[in-house]
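Shown here: final-v7.txt, compact mmCIF, C-alpha atoms and all ligand atoms.
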# COMPACT_ATOMS: atom_id res chain seq x y z
CA MET G 1 -10.07 -22.13 -6.65
CA THR G 2 -9.40 -18.42 -6.20
CA GLU G 3 -12.52 -17.64 -8.25
CA GLU G 4 -14.80 -18.42 -5.32
CA LYS G 5 -13.02 -16.20 -2.89
CA THR G 6 -14.01 -12.61 -2.28
CA ARG G 7 -11.71 -10.25 -4.08
CA ILE G 8 -9.54 -7.72 -2.33
CA LEU G 9 -7.45 -5.08 -4.02
CA THR G 10 -4.93 -2.84 -2.37
CA GLY G 11 -1.58 -1.33 -3.19
CA HIS G 12 1.39 0.79 -2.32
CA ARG G 13 3.12 3.45 -4.31
CA PRO G 14 6.76 2.44 -4.86
CA THR G 15 8.29 5.33 -2.94
CA GLY G 16 11.15 3.47 -1.25
CA PRO G 17 11.90 0.53 1.01
CA ARG G 18 9.18 -0.62 3.40
CA HIS G 19 9.63 0.02 7.12
CA ILE G 20 8.28 -1.61 10.28
CA GLY G 21 5.35 0.83 10.24
CA HIS G 22 4.27 -0.66 6.90
CA LEU G 23 4.79 -4.11 8.38
CA VAL G 24 2.49 -3.71 11.36
CA GLY G 25 0.10 -1.29 9.63
CA THR G 26 -0.48 -3.15 6.39
CA LEU G 27 1.79 -6.03 5.41
CA ASN G 28 1.00 -8.35 8.32
CA ASN G 29 -2.65 -7.82 7.52
CA TRP G 30 -2.14 -8.61 3.83
CA VAL G 31 -0.30 -11.80 4.75
CA ARG G 32 -3.34 -12.90 6.76
CA LEU G 33 -5.83 -11.86 4.07
CA GLN G 34 -4.07 -13.78 1.28
CA GLU G 35 -5.08 -17.00 3.06
CA THR G 36 -8.79 -16.29 2.88
CA HIS G 37 -9.32 -13.90 -0.04
CA ASP G 38 -8.44 -13.50 -3.68
CA CYS G 39 -5.93 -10.71 -3.14
CA ILE G 40 -4.43 -8.42 -5.75
CA PHE G 41 -1.54 -6.32 -4.46
CA LEU G 42 -0.80 -3.47 -6.80
CA VAL G 43 2.48 -1.63 -7.26
CA ALA G 44 0.93 1.77 -7.98
CA ASP G 45 3.80 3.23 -9.98
CA LEU G 46 1.62 5.57 -12.05
CA HIS G 47 0.50 7.20 -8.82
CA VAL G 48 4.14 8.02 -8.01
CA LEU G 49 4.25 10.35 -11.01
CA THR G 50 1.46 12.53 -9.60
CA THR G 51 4.01 14.10 -7.26
CA ASP G 52 7.43 12.69 -8.21
CA TYR G 53 7.56 13.00 -11.97
CA GLN G 54 10.92 14.77 -11.69
CA HIS G 55 12.66 11.57 -10.53
CA PRO G 56 12.18 8.97 -13.27
CA ASP G 57 15.31 7.06 -12.25
CA GLN G 58 13.81 5.98 -8.96
CA ILE G 59 10.68 4.16 -10.03
CA VAL G 60 12.22 0.87 -11.18
CA PRO G 61 14.60 0.44 -8.21
CA HIS G 62 11.79 1.35 -5.81
CA THR G 63 9.48 -1.12 -7.50
CA ARG G 64 12.04 -3.92 -7.07
CA GLU G 65 12.55 -2.80 -3.50
CA ILE G 66 8.91 -2.94 -2.46
CA VAL G 67 8.26 -6.25 -4.19
CA THR G 68 11.28 -7.69 -2.35
CA ASP G 69 9.94 -6.33 0.93
CA TRP G 70 6.44 -7.67 0.28
CA LEU G 71 7.83 -11.13 -0.38
CA ALA G 72 10.14 -10.92 2.64
CA ALA G 73 7.17 -9.93 4.80
CA GLY G 74 5.41 -13.13 3.73
CA ILE G 75 3.32 -12.24 0.68
CA ASP G 76 3.15 -15.49 -1.24
CA PRO G 77 2.88 -15.20 -5.04
CA GLN G 78 1.27 -18.66 -5.10
CA LYS G 79 -1.61 -17.28 -3.08
CA ALA G 80 -1.83 -13.63 -4.07
CA THR G 81 -1.44 -11.66 -7.31
CA LEU G 82 1.27 -9.00 -7.41
CA ALA G 83 0.64 -6.63 -10.29
CA LEU G 84 2.36 -3.62 -11.85
CA GLN G 85 -0.11 -0.83 -12.53
CA SER G 86 1.72 0.85 -15.42
CA ALA G 87 1.97 -2.44 -17.34
CA ILE G 88 -1.80 -2.79 -17.49
CA PRO G 89 -3.13 -0.01 -19.76
CA GLU G 90 -6.71 -0.74 -18.66
CA HIS G 91 -6.03 1.18 -15.42
CA VAL G 92 -5.50 4.37 -17.40
CA GLN G 93 -8.38 3.65 -19.72
CA LEU G 94 -10.86 3.06 -16.92
CA CYS G 95 -9.55 6.15 -15.14
CA LEU G 96 -10.47 8.24 -18.16
CA LEU G 97 -13.92 6.66 -18.44
CA LEU G 98 -14.63 7.24 -14.75
CA SER G 99 -13.42 10.82 -14.98
CA MET G 100 -16.55 11.56 -17.03
CA LEU G 101 -18.66 10.79 -13.97
CA VAL G 102 -17.10 13.17 -11.47
CA THR G 103 -16.94 16.93 -11.39
CA ASP G 104 -13.83 18.99 -11.08
CA ALA G 105 -15.31 20.65 -7.97
CA ARG G 106 -15.78 17.27 -6.27
CA LEU G 107 -12.11 16.41 -6.82
CA HIS G 108 -10.99 19.77 -5.46
CA ARG G 109 -12.77 18.91 -2.21
CA VAL G 110 -10.79 15.67 -1.65
CA PRO G 111 -8.80 16.38 1.56
CA THR G 112 -5.64 14.59 0.39
CA PHE G 113 -5.56 16.85 -2.68
CA LYS G 114 -5.83 19.97 -0.53
CA GLU G 115 -3.04 18.73 1.75
CA GLN G 116 -0.75 17.83 -1.13
CA VAL G 117 -1.24 21.23 -2.73
CA GLN G 118 -0.25 22.90 0.53
CA ASN G 119 2.87 20.75 0.78
CA LEU G 120 3.94 21.19 -2.83
CA ASN G 121 5.71 24.19 -4.26
CA LEU G 122 4.26 23.34 -7.65
CA GLU G 123 1.06 24.14 -9.39
CA PRO G 124 -1.07 21.03 -8.88
CA SER G 125 -1.35 19.04 -12.09
CA LEU G 126 -4.42 17.49 -13.61
CA GLY G 127 -2.76 14.14 -12.80
CA LEU G 128 -2.63 14.98 -9.11
CA LEU G 129 -6.24 16.15 -9.12
CA SER G 130 -7.32 12.86 -10.70
CA TYR G 131 -5.22 10.74 -8.30
CA PRO G 132 -8.33 9.34 -6.58
CA VAL G 133 -10.02 8.63 -9.92
CA LEU G 134 -7.05 6.47 -10.91
CA GLN G 135 -7.25 4.77 -7.53
CA ALA G 136 -10.97 4.14 -8.08
CA ALA G 137 -10.08 2.62 -11.46
CA ASP G 138 -7.51 0.34 -9.76
CA ILE G 139 -10.22 -0.98 -7.48
CA LEU G 140 -13.24 -1.09 -9.80
CA LEU G 141 -11.31 -2.66 -12.67
CA TYR G 142 -11.11 -5.86 -10.62
CA ARG G 143 -14.60 -5.50 -9.09
CA ALA G 144 -12.90 -5.67 -5.70
CA GLU G 145 -15.26 -5.92 -2.73
CA PHE G 146 -12.79 -4.97 -0.02
CA VAL G 147 -9.89 -2.56 0.11
CA PRO G 148 -7.49 -2.72 3.07
CA VAL G 149 -6.21 0.83 3.62
CA GLY G 150 -5.11 3.30 6.25
CA GLU G 151 -7.48 5.96 7.49
CA ASP G 152 -5.86 8.60 5.28
CA GLN G 153 -7.20 6.72 2.23
CA LEU G 154 -10.85 6.77 3.29
CA PRO G 155 -11.72 9.84 1.20
CA HIS G 156 -10.46 7.95 -1.86
CA LEU G 157 -12.60 4.95 -0.98
CA GLU G 158 -15.62 7.22 -0.57
CA LEU G 159 -15.06 8.65 -4.05
CA THR G 160 -14.65 5.12 -5.42
CA ARG G 161 -18.00 4.16 -3.93
CA GLU G 162 -19.63 7.26 -5.39
CA LEU G 163 -18.25 6.45 -8.83
CA ALA G 164 -19.45 2.84 -8.59
CA ARG G 165 -22.94 4.01 -7.60
CA ARG G 166 -23.08 6.63 -10.32
CA PHE G 167 -21.92 4.16 -12.95
CA ASN G 168 -24.41 1.52 -11.81
CA ASN G 169 -27.26 4.04 -11.84
CA LEU G 170 -26.45 5.20 -15.34
CA TYR G 171 -25.51 1.93 -17.03
CA GLY G 172 -26.84 -0.90 -14.87
CA GLU G 173 -25.37 -2.90 -12.01
CA THR G 174 -21.67 -3.33 -12.83
CA PHE G 175 -19.40 -2.54 -9.90
CA PRO G 176 -19.70 -3.63 -6.29
CA GLU G 177 -19.35 -0.71 -3.89
CA PRO G 178 -16.06 -1.57 -2.22
CA GLU G 179 -15.75 -1.49 1.57
CA PRO G 180 -12.58 -0.44 3.36
CA ILE G 181 -10.80 -2.79 5.74
CA LEU G 182 -9.19 -0.27 8.06
CA SER G 183 -5.64 -0.87 9.19
CA ARG G 184 -5.02 -0.78 12.84
CA ASN G 185 -4.81 2.55 14.57
CA PRO G 186 -2.81 4.32 15.96
CA ARG G 187 0.14 3.98 13.68
CA LEU G 188 3.56 3.00 14.90
CA PRO G 189 5.53 6.21 15.57
CA GLY G 190 8.96 6.88 14.09
CA THR G 191 12.14 6.64 16.19
CA ASP G 192 11.82 10.42 16.80
CA ASN G 193 8.13 10.05 17.74
CA ARG G 194 6.83 11.81 14.62
CA THR G 195 4.91 9.74 12.04
CA MET G 196 7.22 7.07 10.65
CA HIS G 197 8.08 8.12 7.11
CA THR G 198 10.55 6.79 4.56
CA SER G 199 12.03 10.23 4.01
CA TYR G 200 12.10 11.58 7.62
CA GLY G 201 15.18 9.60 8.71
CA ASN G 202 13.08 8.09 11.51
CA ALA G 203 12.20 4.70 10.04
CA ILE G 204 13.49 1.21 10.76
CA PHE G 205 13.48 -0.56 7.41
CA LEU G 206 12.82 -4.24 6.82
CA LYS G 207 16.14 -4.35 4.97
CA ASP G 208 18.14 -2.90 7.89
CA SER G 209 20.72 -5.27 9.39
CA PRO G 210 20.43 -6.27 13.07
CA GLU G 211 23.30 -3.87 13.85
CA GLU G 212 21.62 -0.99 12.03
CA THR G 213 18.35 -1.76 13.81
CA THR G 214 20.09 -1.80 17.21
CA ARG G 215 21.81 1.49 16.41
CA LYS G 216 18.48 3.10 15.50
CA VAL G 217 16.79 1.76 18.62
CA MET G 218 19.61 3.01 20.87
CA SER G 219 19.17 6.53 19.48
CA MET G 220 15.39 6.54 19.86
CA TYR G 221 13.44 9.35 21.41
CA THR G 222 12.02 8.32 24.79
CA ASP G 223 10.60 10.50 27.55
CA PRO G 224 12.00 14.04 27.24
CA THR G 225 11.00 14.89 30.83
CA ARG G 226 13.25 12.20 32.21
CA ILE G 227 16.85 13.27 32.92
CA HIS G 228 18.10 10.51 35.24
CA ALA G 229 17.32 6.80 35.24
CA THR G 230 15.88 7.26 38.73
CA ASP G 231 13.31 9.86 37.59
CA PRO G 232 9.79 8.42 37.20
CA GLY G 233 9.29 7.87 33.46
CA HIS G 234 6.31 8.20 31.13
CA VAL G 235 5.23 5.15 29.18
CA GLU G 236 2.37 6.77 27.23
CA GLY G 237 3.59 8.60 24.15
CA ASN G 238 6.96 6.91 24.50
CA PRO G 239 7.81 5.18 21.22
CA VAL G 240 10.07 2.61 22.90
CA PHE G 241 7.05 1.22 24.71
CA ALA G 242 4.83 1.56 21.62
CA TYR G 243 7.30 -0.75 19.84
CA LEU G 244 7.43 -3.18 22.77
CA ASP G 245 3.63 -3.37 22.82
CA GLU G 246 3.72 -4.18 19.14
CA PHE G 247 6.63 -6.59 18.89
CA ASP G 248 7.09 -8.31 22.26
CA PRO G 249 4.84 -11.35 22.62
CA ASP G 250 5.75 -11.47 26.32
CA VAL G 251 3.03 -9.10 27.51
CA GLU G 252 3.75 -9.78 31.17
CA GLN G 253 7.39 -8.86 30.81
CA VAL G 254 6.43 -5.61 29.05
CA GLY G 255 3.96 -4.83 31.84
CA GLU G 256 6.68 -5.33 34.42
CA LEU G 257 9.13 -3.17 32.49
CA LYS G 258 6.54 -0.38 32.27
CA ALA G 259 5.96 -0.52 36.02
CA ARG G 260 9.69 -0.29 36.70
CA TYR G 261 10.06 2.54 34.19
CA ARG G 262 7.26 4.51 35.81
CA ALA G 263 8.85 3.98 39.21
CA GLY G 264 12.26 5.15 38.00
CA LYS G 265 13.79 1.71 38.54
CA VAL G 266 15.07 1.04 35.03
CA GLY G 267 17.07 3.26 32.71
CA ASP G 268 16.38 4.15 29.08
CA VAL G 269 19.48 2.31 27.90
CA ALA G 270 18.41 -0.98 29.48
CA VAL G 271 14.90 -0.72 28.00
CA LYS G 272 16.31 0.08 24.57
CA ARG G 273 18.72 -2.86 24.72
CA TYR G 274 15.80 -5.08 25.53
CA LEU G 275 13.74 -3.60 22.68
CA ALA G 276 16.60 -4.07 20.19
CA GLU G 277 16.71 -7.77 21.08
CA VAL G 278 12.94 -8.16 20.80
CA LEU G 279 12.83 -6.34 17.48
CA ASN G 280 15.73 -8.25 15.96
CA ARG G 281 14.21 -11.56 17.02
CA SER G 282 10.87 -10.59 15.52
CA LEU G 283 12.41 -9.42 12.22
CA GLU G 284 14.63 -12.49 11.84
CA PRO G 285 12.25 -14.57 9.64
CA ILE G 286 11.76 -11.57 7.34
CA ARG G 287 15.53 -11.10 7.05
CA GLN G 288 15.98 -14.75 6.22
CA ARG G 289 13.44 -14.63 3.43
CA ARG G 290 14.95 -11.38 2.20
CA ALA G 291 18.44 -12.91 2.14
CA GLU G 292 17.08 -15.67 -0.11
CA ILE G 293 15.51 -13.32 -2.64
CA ALA G 294 17.28 -9.95 -2.46
CA GLY G 295 19.59 -9.54 -5.40
CA ASP G 296 17.74 -12.26 -7.29
CA SER G 297 16.18 -9.80 -9.68
CA GLU G 298 15.06 -12.63 -11.95
CA THR G 299 12.79 -14.12 -9.32
CA ILE G 300 11.42 -10.74 -8.39
CA GLU G 301 10.68 -9.87 -12.00
CA ALA G 302 9.17 -13.30 -12.64
CA VAL G 303 6.78 -12.80 -9.72
CA LEU G 304 5.75 -9.40 -11.03
CA HIS G 305 5.41 -10.65 -14.61
CA ASP G 306 3.24 -13.61 -13.61
CA GLY G 307 1.00 -11.56 -11.38
CA THR G 308 0.68 -8.73 -13.88
CA ARG G 309 -0.34 -11.15 -16.63
CA ARG G 310 -2.93 -12.72 -14.37
CA ALA G 311 -4.29 -9.30 -13.42
CA HIS G 312 -4.28 -8.13 -17.03
CA HIS G 313 -6.45 -11.05 -17.96
CA ILE G 314 -9.13 -9.88 -15.52
CA ALA G 315 -8.63 -6.23 -16.44
CA ARG G 316 -9.11 -6.78 -20.16
CA GLU G 317 -12.44 -8.53 -19.74
CA SER G 318 -13.65 -6.05 -17.23
CA LEU G 319 -12.73 -2.96 -19.25
CA SER G 320 -14.37 -4.43 -22.31
CA GLU G 321 -17.63 -4.85 -20.42
CA THR G 322 -17.38 -1.34 -19.02
CA MET G 323 -16.81 0.15 -22.47
CA ASP G 324 -19.77 -1.76 -23.85
CA ARG G 325 -22.00 -0.38 -21.13
CA MET G 326 -20.86 3.16 -21.86
CA GLY G 327 -21.65 2.68 -25.52
CA LEU G 328 -18.13 2.10 -26.83
CA LYS G 329 -19.00 -1.16 -28.50
CA LEU G 330 -16.85 -1.29 -31.60
CA ARG G 331 -13.71 -3.37 -31.27
CA ILE G 332 -11.15 -3.07 -34.03
CA PRO G 333 -8.23 -5.51 -33.81
CA LEU G 334 -5.06 -3.50 -34.40
CA ASP G 335 -2.15 -4.71 -36.55
CA HIS G 336 0.34 -5.19 -33.77
CA GLU G 337 -2.00 -7.36 -31.77
CA ASN G 338 -1.17 -10.38 -33.94
CA ASN G 339 -4.75 -11.40 -33.95
CA SER G 340 -5.57 -14.36 -36.20
CA GLN G 341 -8.96 -12.94 -37.07
CA ASN G 342 -7.15 -9.85 -38.14
CA ALA G 343 -9.50 -8.42 -40.68
CA GLU G 344 -12.61 -9.25 -38.76
CA LEU G 345 -14.51 -6.43 -37.21
CA ARG G 346 -15.92 -7.64 -33.95
CA GLY G 347 -18.49 -6.00 -31.80
CA ALA G 348 -22.11 -5.15 -32.09
CA PHE G 349 -23.53 -2.31 -34.12
CA CYS G 350 -26.55 -1.07 -32.30
N1 LIG G 401 -3.16 5.74 -2.68
C1 LIG G 401 -2.63 4.58 -2.01
C2 LIG G 401 -1.59 5.03 -0.98
O1 LIG G 401 -0.98 6.04 -1.14
C3 LIG G 401 -1.99 3.60 -2.95
C4 LIG G 401 -2.97 3.01 -3.90
C5 LIG G 401 -3.04 3.17 -5.25
C6 LIG G 401 -4.06 2.16 -3.55
N2 LIG G 401 -4.05 2.47 -5.78
C7 LIG G 401 -4.71 1.85 -4.77
C8 LIG G 401 -4.54 1.65 -2.33
C9 LIG G 401 -5.86 1.06 -4.77
C10 LIG G 401 -5.67 0.86 -2.35
C11 LIG G 401 -6.33 0.56 -3.56
O2 LIG G 401 -1.38 4.33 -0.01

Would you write out, as structure tokens, the structure that this file holds?
Amino acid sequence: MTEEKTRILTGHRPTGPRHIGHLVGTLNNWVRLQETHDCIFLVADLHVLTTDYQHPDQIVPHTREIVTDWLAAGIDPQKATLALQSAIPEHVQLCLLLSMLVTDARLHRVPTFKEQVQNLNLEPSLGLLSYPVLQAADILLYRAEFVPVGEDQLPHLELTRELARRFNNLYGETFPEPEPILSRNPRLPGTDNRTMHTSYGNAIFLKDSPEETTRKVMSMYTDPTRIHATDPGHVEGNPVFAYLDEFDPDVEQVGELKARYRAGKVGDVAVKRYLAEVLNRSLEPIRQRRAEIAGDSETIEAVLHDGTRRAHHIARESLSETMDRMGLKLRIPLDHENNSQNAELRGAFC
């Protein structure tokens, strides 16, 4: 049944719990796409090491955390495949093969690499430089046709398309050139009006309780030019209204509130109280699902095991074909693989 659907691959690095920015930017979209496409959602834990290799203790808890959040947000393991990148060695293998088809100079020009190097106090590693090659491997390994991503990931998609083209030119039509499905823009701001970021202290997390959410909303940044509730307020660039636009289905009510805010007829506290209610109501189904699964590490691991096995099945076939095309045609069954045709040397000599 899933075989006939167009394949989508996307993923997150397990860097911490998911917040409402992830929800409206990506997860809601994934939940819709899983109905119509053959979706693989990848926990890109190898990618975490490109910058965070000094914190090995965090990867497993963060992996559990994001899988829990994905499920709470409505990702359905009956419909979509949730896979763990590091458990499928073919990702690394394809990354190495693809790295033959790109120059070092090309990778140095990737804007995300340049930004990361500026932000890091470390010498950039070879692993960081090849970040987008590993991402290309994630995508091409499954012959994905679409990749839902944020705008910041477009340079990686462009490189992926270049690699697919180059491979196809050299070795024959193998990989589709994947197209991005862009997440909605602009992004939801953080409670302090900077970009919402797990580590900035300005995020509302899916796992936050209603009380915690209300507390965060009540301390939100609003309109810095407004001193008294009777001063005319600004709605544009005001994160409280950005959230209302996103989460309140009652558009008319929001319109009215904006008009009163602009006219200086409603105070910040009243608007925030209203937003806290709206937000808590909207997050309630997610919290309910989370309450059912959080702490049930067996279910979470079972979901990841199942999905990873399913993905591995595809990955193994696909890597084998890729190796063949590049001339690596000898297959030697290794001892530990418990292969019944143990002594047999498969593969073509040509
Ligand atoms: N680089 C992506 C990010 O930081 C995560 C990622 C890894 C990814 N592999 C991917 C996204 C493959 C899409 C497809 O958000």

d(atom CA of G:Arg331, atom CA of G:His91) in Å
18.2 Å

Of the residues G:Ala242, G:Leu97, G:Val67, G:Ala136, which is the one nearest to ligand LIG 401 (chain G), using only C-alpha atoms and all ligand atoms?
G:Ala136

Nearest to ligand LIG 401 (chain G) by atom-to-atom distance, counting all atoms listed in the file, from G:Leu170, G:Leu96, G:Leu330, G:Leu141:
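Closest residue, counting all atoms listed in the file: G:Leu141.
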
Applying 12 Å and only C-alpha atoms, which residues near G:Met220 remain after dropping the ones on its own chain fewer than 6 positions away? List them as a list in words.
Pro189, Gly190, Thr191, Asp192, Asn193, Arg194, Gly201, Asn202, Ala203, Ile204, Thr213, Thr214, Asn238, Pro239, Val240, Phe241, Ala242, Tyr243, Asp268, Val269, Val271, Lys272, Arg273, Leu275 and Ala276 of chain G

Calculated over all atoms listed in the file, which of the candidates G:Gly295, G:Pro61, G:Pro56, G:Gly150 has the smallest distance to ligand LIG 401 (chain G)?
G:Gly150

Given a cut-off of 8 Å, what residues near ligand LIG 401 (chain G) show up using all atoms listed in the file, put as a list of chain:residue names?
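Those residues are G:Leu9, G:Thr10, G:Gly11, G:His12, G:Arg13, G:Leu42, G:Val43, G:Ala44, G:His47, G:Tyr131, G:Pro132, G:Leu134, G:Gln135, G:Ala136, G:Asp138, G:Ile139, G:Val147, G:Pro148, G:Val149, G:Gly150, G:Gln153, G:His156.
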
Quick one: everything within 9 Å of G:Arg262, counting only C-alpha atoms, minus sequence neighbours fewer than 4 positions away in the same chain. Send it as a list in words.
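Close residues of G:Arg262: Asp231, Pro232, Gly233, His234, Val235, Leu257, Lys258 and Val266 of chain G.
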
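Across the model, the gap from atom CA of G:Lys5 to atom CA of G:Asn29 is 16.9 Å.
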
If you measure from atom CA of G:Ile293 to atom CA of G:Gln34, what distance in Å do you get, rounded to one decimal?
20.0 Å

Closest atom pairs, residues of stretch 26-85 of chain G within 12 Å of stretch 278-284 of chain G, all atoms listed in the file, as a tab-separated table:
residue	atom	partner	partner_atom	distance
G:Asp69	CA	G:Leu283	CA	12.0
G:Ala72	CA	G:Leu283	CA	10.0
G:Ala73	CA	G:Leu283	CA	9.1
G:Gly74	CA	G:Leu283	CA	11.6
